[in-house]
file protein_2.cif (mmCIF, C-alpha atoms)
data_query
loop_
_atom_site.label_atom_id
_atom_site.label_comp_id
_atom_site.auth_asym_id
_atom_site.auth_seq_id
_atom_site.Cartn_x
_atom_site.Cartn_y
_atom_site.Cartn_z
CA MET A 1 3.86 -92.18 52.26
CA MET A 2 2.20 -88.86 53.10
CA GLN A 3 4.27 -86.57 55.27
CA PRO A 4 2.71 -85.19 58.50
CA VAL A 5 4.11 -81.69 57.85
CA ASP A 6 2.73 -79.39 55.17
CA PRO A 7 5.59 -78.50 52.78
CA ASN A 8 4.68 -74.80 52.50
CA GLU A 9 6.06 -71.80 54.38
CA VAL A 10 3.74 -70.26 56.98
CA LEU A 11 2.77 -66.64 56.26
CA MET A 12 0.23 -66.02 59.02
CA THR A 13 -1.90 -67.86 61.56
CA GLY A 14 -5.00 -66.68 63.38
CA GLU A 15 -8.55 -65.93 62.19
CA ASN A 16 -10.28 -64.12 59.32
CA SER A 17 -14.02 -64.12 59.89
CA PHE A 18 -16.14 -62.33 57.31
CA ILE A 19 -19.63 -61.03 56.58
CA ARG A 20 -21.05 -60.19 53.18
CA LEU A 21 -24.67 -58.95 53.01
CA SER A 22 -26.76 -58.68 49.87
CA PRO A 23 -30.33 -57.89 48.79
CA ASP A 24 -30.16 -60.30 45.85
CA GLY A 25 -28.25 -63.43 46.84
CA GLY A 26 -24.80 -62.03 46.07
CA ASN A 27 -25.36 -60.37 42.70
CA THR A 28 -24.60 -57.10 44.48
CA VAL A 29 -22.76 -56.92 47.81
CA PRO A 30 -23.25 -53.53 49.47
CA THR A 31 -21.81 -54.66 52.83
CA ARG A 32 -18.43 -56.39 53.19
CA VAL A 33 -16.59 -57.00 56.45
CA SER A 34 -13.23 -58.71 56.96
CA HIS A 35 -12.25 -59.23 60.61
CA TRP A 36 -8.72 -60.43 61.40
CA ARG A 37 -7.31 -61.79 64.64
CA VAL A 38 -3.64 -62.40 63.87
CA LEU A 39 -1.77 -64.60 66.32
CA TRP A 40 1.44 -64.46 64.28
CA CYS A 41 2.72 -62.96 61.04
CA PRO A 42 6.03 -61.29 60.10
CA ALA A 43 4.63 -57.94 61.31
CA GLY A 44 3.62 -59.29 64.74
CA SER A 45 0.20 -60.00 66.22
CA GLY A 46 -2.97 -57.97 66.52
CA HIS A 47 -6.39 -57.26 65.04
CA ALA A 48 -7.74 -55.53 61.95
CA LEU A 49 -11.24 -54.79 60.72
CA PHE A 50 -12.11 -53.72 57.18
CA VAL A 51 -15.68 -52.46 56.58
CA GLN A 52 -17.51 -51.16 53.53
CA SER A 53 -21.27 -50.64 53.80
CA PRO A 54 -24.13 -48.21 53.27
CA ILE A 55 -23.70 -47.36 56.98
CA THR A 56 -20.15 -46.17 56.19
CA ASP A 57 -21.47 -44.17 53.20
CA ASN A 58 -20.01 -46.99 51.06
CA ARG A 59 -16.48 -45.89 52.00
CA VAL A 60 -13.91 -48.31 53.39
CA HIS A 61 -13.16 -47.91 57.09
CA ILE A 62 -10.20 -49.70 58.69
CA TYR A 63 -9.68 -50.28 62.42
CA SER A 64 -6.69 -51.89 64.14
CA ASP A 65 -4.66 -52.27 67.30
CA ASN A 66 -1.47 -52.88 65.29
CA ARG A 67 -1.04 -50.81 62.10
CA ALA A 68 1.98 -52.82 60.96
CA VAL A 69 -0.11 -56.01 60.97
CA THR A 70 -2.92 -54.23 59.11
CA ARG A 71 -0.64 -52.93 56.37
CA TRP A 72 0.98 -56.38 56.05
CA LEU A 73 -2.47 -57.97 55.65
CA GLN A 74 -3.35 -55.41 52.96
CA ARG A 75 -0.15 -56.01 50.98
CA THR A 76 -0.09 -59.80 51.37
CA ILE A 77 -3.62 -61.23 51.65
CA GLU A 78 -6.38 -58.62 51.25
CA ILE A 79 -4.92 -57.68 47.85
CA LEU A 80 -5.99 -61.18 46.75
CA LEU A 81 -9.35 -61.30 48.57
CA TYR A 82 -10.87 -57.86 47.90
CA THR A 83 -8.58 -55.26 46.36
CA THR A 84 -10.66 -52.34 47.65
CA PHE A 85 -9.57 -53.27 51.20
CA ALA A 86 -5.90 -53.29 50.11
CA ASP A 87 -5.69 -49.53 49.44
CA LEU A 88 -2.76 -48.38 51.61
CA SER A 89 -3.90 -44.73 51.41
CA ILE A 90 -6.96 -45.44 53.61
CA PRO A 91 -6.28 -44.27 57.17
CA VAL A 92 -6.27 -46.80 60.01
CA VAL A 93 -8.29 -45.92 63.12
CA ASP A 94 -6.96 -47.09 66.49
CA ALA A 95 -9.40 -49.49 68.14
CA MET A 96 -9.84 -52.14 70.83
CA PHE A 97 -11.13 -55.63 69.99
CA SER A 98 -12.97 -58.27 72.03
CA ARG A 99 -15.02 -61.42 71.39
CA SER A 100 -17.89 -63.15 73.17
CA GLY A 101 -20.01 -66.22 72.49
CA ASP A 102 -19.32 -69.13 70.15
CA PRO A 103 -20.81 -70.82 67.07
CA ARG A 104 -23.25 -72.91 69.12
CA SER A 105 -25.31 -69.94 70.31
CA GLY A 106 -23.91 -66.97 68.42
CA ALA A 107 -20.58 -65.17 68.34
CA MET A 108 -19.92 -61.44 68.57
CA GLU A 109 -16.84 -59.38 67.78
CA MET A 110 -16.77 -55.91 69.34
CA VAL A 111 -14.56 -53.16 67.93
CA THR A 112 -14.38 -49.87 69.79
CA SER A 113 -12.64 -46.66 68.72
CA ASP A 114 -12.82 -43.18 70.27
CA ILE A 115 -15.98 -42.40 68.31
CA GLU A 116 -17.38 -45.73 67.10
CA ARG A 117 -18.75 -48.89 68.60
CA ILE A 118 -18.99 -51.75 66.12
CA ALA A 119 -20.72 -55.08 66.77
CA LEU A 120 -20.41 -57.99 64.34
CA THR A 121 -22.59 -61.03 65.01
CA TRP A 122 -22.79 -64.52 63.51
CA SER A 123 -25.65 -66.83 64.53
CA ASP A 124 -27.58 -69.93 63.50
CA CYS A 125 -24.37 -71.64 62.40
CA ILE A 126 -24.46 -74.88 60.46
CA ASP A 127 -21.93 -77.75 60.60
CA PRO A 128 -18.30 -76.58 60.43
CA PHE A 129 -15.78 -77.85 57.91
CA VAL A 130 -12.09 -77.35 57.13
CA LEU A 131 -11.34 -75.32 54.01
CA THR A 132 -8.13 -76.51 52.33
CA MET A 133 -6.72 -74.43 49.47
CA ALA A 134 -3.09 -75.07 48.57
CA PRO A 135 -1.03 -72.34 46.90
CA GLY A 136 -2.13 -72.04 43.29
CA MET A 137 -5.77 -73.01 43.85
CA GLY A 138 -8.28 -70.37 42.80
CA ASN A 139 -5.49 -68.62 40.88
CA ARG A 140 -3.97 -67.40 44.15
CA PRO A 141 -0.22 -67.64 44.74
CA ILE A 142 -0.79 -68.35 48.44
CA GLY A 143 -2.92 -70.98 50.15
CA VAL A 144 -5.10 -71.20 53.24
CA PHE A 145 -6.32 -73.81 55.70
CA SER A 146 -9.23 -72.70 57.89
CA THR A 147 -12.12 -74.02 59.97
CA PHE A 148 -15.33 -72.42 58.67
CA PHE A 149 -18.47 -72.06 60.79
CA PRO A 150 -21.04 -70.82 58.23
CA ALA A 151 -23.76 -68.59 59.72
CA ARG A 152 -27.29 -68.39 58.36
CA SER A 153 -27.70 -65.03 60.08
CA ALA A 154 -25.24 -62.17 60.57
CA GLN A 155 -25.38 -58.47 61.44
CA VAL A 156 -23.10 -55.47 61.20
CA GLN A 157 -23.89 -52.62 63.59
CA ILE A 158 -22.04 -49.30 63.86
CA ASN A 159 -23.12 -46.82 66.54
CA GLY A 160 -26.59 -48.33 66.64
CA ARG A 161 -27.10 -48.37 62.85
CA PHE A 162 -27.53 -51.78 61.22
CA ALA A 163 -26.27 -52.66 57.76
CA PRO A 164 -29.18 -53.74 55.58
CA TYR A 165 -29.73 -57.10 53.92
CA ASP A 166 -28.70 -60.65 54.74
CA PRO A 167 -26.05 -63.29 54.12
CA TRP A 168 -26.85 -65.86 51.44
CA PRO A 169 -26.15 -69.60 51.18
CA GLU A 170 -23.26 -70.66 48.96
CA MET A 171 -21.29 -73.84 48.37
CA ARG A 172 -17.60 -74.34 49.18
CA GLY A 173 -16.69 -77.44 47.24
CA ASP A 174 -19.31 -80.00 48.26
CA ARG A 175 -20.10 -78.36 51.63
CA GLN A 176 -22.90 -75.96 52.42
CA ALA A 177 -21.56 -72.58 53.52
CA SER A 178 -22.75 -68.99 53.56
CA SER A 179 -21.47 -65.50 52.83
CA ALA A 180 -20.95 -64.99 56.57
CA CYS A 181 -18.49 -67.34 58.25
CA LEU A 182 -16.47 -67.49 61.39
CA ALA A 183 -13.10 -68.56 59.98
CA TRP A 184 -11.01 -69.79 62.88
CA SER A 185 -7.76 -71.73 63.20
CA GLU A 186 -6.72 -70.14 59.92
CA THR A 187 -3.23 -70.44 58.48
CA TRP A 188 -2.04 -68.83 55.24
CA VAL A 189 0.94 -70.38 53.47
CA LYS A 190 3.17 -69.86 50.44
CA THR A 191 5.34 -72.24 48.47
CA LYS A 192 8.85 -72.53 49.88
CA GLY A 193 11.65 -71.12 47.83
#

call {"tool": "encode", "arguments": {"input": "protein_2.cif", "output": "structure tokens"}}
result
Amino acid sequence: MMQPVDPNEVLMTGENSFIRLSPDGGNTVPTRVSHWRVLWCPAGSGHALFVQSPITDNRVHIYSDNRAVTRWLQRTIEILLYTTFADLSIPVVDAMFSRSGDPRSGAMEMVTSDIERIALTWSDCIDPFVLTMAPGMGNRPIGVFSTFFPARSAQVQINGRFAPYDPWPEMRGDRQASSACLAWSETWVKTKG
């Protein structure tokens, strides 16, 4: 009989929405964004935003309202997702975070620092699905369970400048997804022991 409780140890729960924009369907990815809303992890709760784009001169910029959470994400999860975002020598800029909208009409995450105003938007979302990756899948030692809302359209704007290019369609298992997804109700786990 299947047990109602997942056997793994919880590492983090919250959200990790992302945007990847490309001129050629993902062969090159000049713009990458990883937006975290952490409800709980061993370092606490808070937000983090990792951005690399032509509008950041292709350098990685990191924003957060809890540096301990950001550094924990870098050491624990971003190191497996995109190692460039896991560089602990990159400074973290203090910022405030807010959200508006939803997948039905379009969602926006606003990130504001002393000198920057960043708007991330996801729109024209297709049917959501639950991503289930147990520890060990995809050659990752940790696993994730997340509700994906794939967006056909997404934008990254910093101080009025828009990142070029578009998200592209991609498959996740047998489900249609895209390179820009709201990833909500997300929990990362590791094997107990």

call {"tool": "closest_residue", "arguments": {"input": "protein_2.cif", "among": "A:Gly26, A:Gln3, A:Trp122, A:Thr112", "to": "A:Ser64", "atoms": "only C-alpha atoms"}}
result
A:Thr112

call {"tool": "residues_around", "arguments": {"input": "protein_2.cif", "residues": "stretch 99-103 of chain A", "least_positions_apart": "5", "cutoff": "8 Å", "atoms": "all atoms listed in the file", "output": "short mmCIF file (atom, residue, chain, number, x, y, z; two decimals) with C-alpha atoms, keeping the file's coordinate frame"}}
result
data_model
loop_
_atom_site.label_atom_id
_atom_site.label_comp_id
_atom_site.auth_asym_id
_atom_site.auth_seq_id
_atom_site.Cartn_x
_atom_site.Cartn_y
_atom_site.Cartn_z
CA MET A 108 -19.92 -61.44 68.57
CA GLU A 109 -16.84 -59.38 67.78
CA MET A 110 -16.77 -55.91 69.34
CA TRP A 122 -22.79 -64.52 63.51
CA SER A 123 -25.65 -66.83 64.53
CA ASP A 124 -27.58 -69.93 63.50
CA CYS A 125 -24.37 -71.64 62.40
CA PHE A 149 -18.47 -72.06 60.79
CA LEU A 182 -16.47 -67.49 61.39
#

call {"tool": "resolve_selection", "arguments": {"input": "protein_2.cif", "expression": "the PyMOL selection byres ((chain A and resi 116) around 12)", "output": "compact mmCIF listing (two decimals) with C-alpha atoms, keeping the file's coordinate frame"}}
result
# COMPACT_ATOMS: atom_id res chain seq x y z
CA THR A 56 -20.15 -46.17 56.19
CA HIS A 61 -13.16 -47.91 57.09
CA ILE A 62 -10.20 -49.70 58.69
CA TYR A 63 -9.68 -50.28 62.42
CA VAL A 93 -8.29 -45.92 63.12
CA ASP A 94 -6.96 -47.09 66.49
CA ALA A 95 -9.40 -49.49 68.14
CA MET A 96 -9.84 -52.14 70.83
CA MET A 110 -16.77 -55.91 69.34
CA VAL A 111 -14.56 -53.16 67.93
CA THR A 112 -14.38 -49.87 69.79
CA SER A 113 -12.64 -46.66 68.72
CA ASP A 114 -12.82 -43.18 70.27
CA ILE A 115 -15.98 -42.40 68.31
CA ARG A 117 -18.75 -48.89 68.60
CA ILE A 118 -18.99 -51.75 66.12
CA ALA A 119 -20.72 -55.08 66.77
CA GLN A 157 -23.89 -52.62 63.59
CA ILE A 158 -22.04 -49.30 63.86
CA ASN A 159 -23.12 -46.82 66.54
CA GLY A 160 -26.59 -48.33 66.64
CA ARG A 161 -27.10 -48.37 62.85

call {"tool": "residues_around", "arguments": {"input": "protein_2.cif", "residues": "stretch 10-21 of chain A", "least_positions_apart": "3", "cutoff": "7 Å", "atoms": "all atoms listed in the file", "output": "MDAnalysis selection string"}}
result
chainID A and resid 29:41 154 165:167 179:190

call {"tool": "resolve_selection", "arguments": {"input": "protein_2.cif", "expression": "the PyMOL selection byres ((chain A and resi 74) around 12)", "output": "PyMOL selection string"}}
result
chain A and resi 34+36+43+48-50+62+67-73+75-90+92

call {"tool": "atom_distance", "arguments": {"input": "protein_2.cif", "atom1": "atom CA of A:Gly46", "atom2": "atom CA of A:Arg59"}}
result
23.2 Å

call {"tool": "closest_residue", "arguments": {"input": "protein_2.cif", "among": "A:Pro23, A:Lys192, A:Thr28, A:Met2", "to": "A:Ile142", "atoms": "all atoms listed in the file"}}
result
A:Lys192

call {"tool": "atom_distance", "arguments": {"input": "protein_2.cif", "atom1": "atom CA of A:Ala134", "atom2": "atom CA of A:Phe148"}}
result
16.1 Å
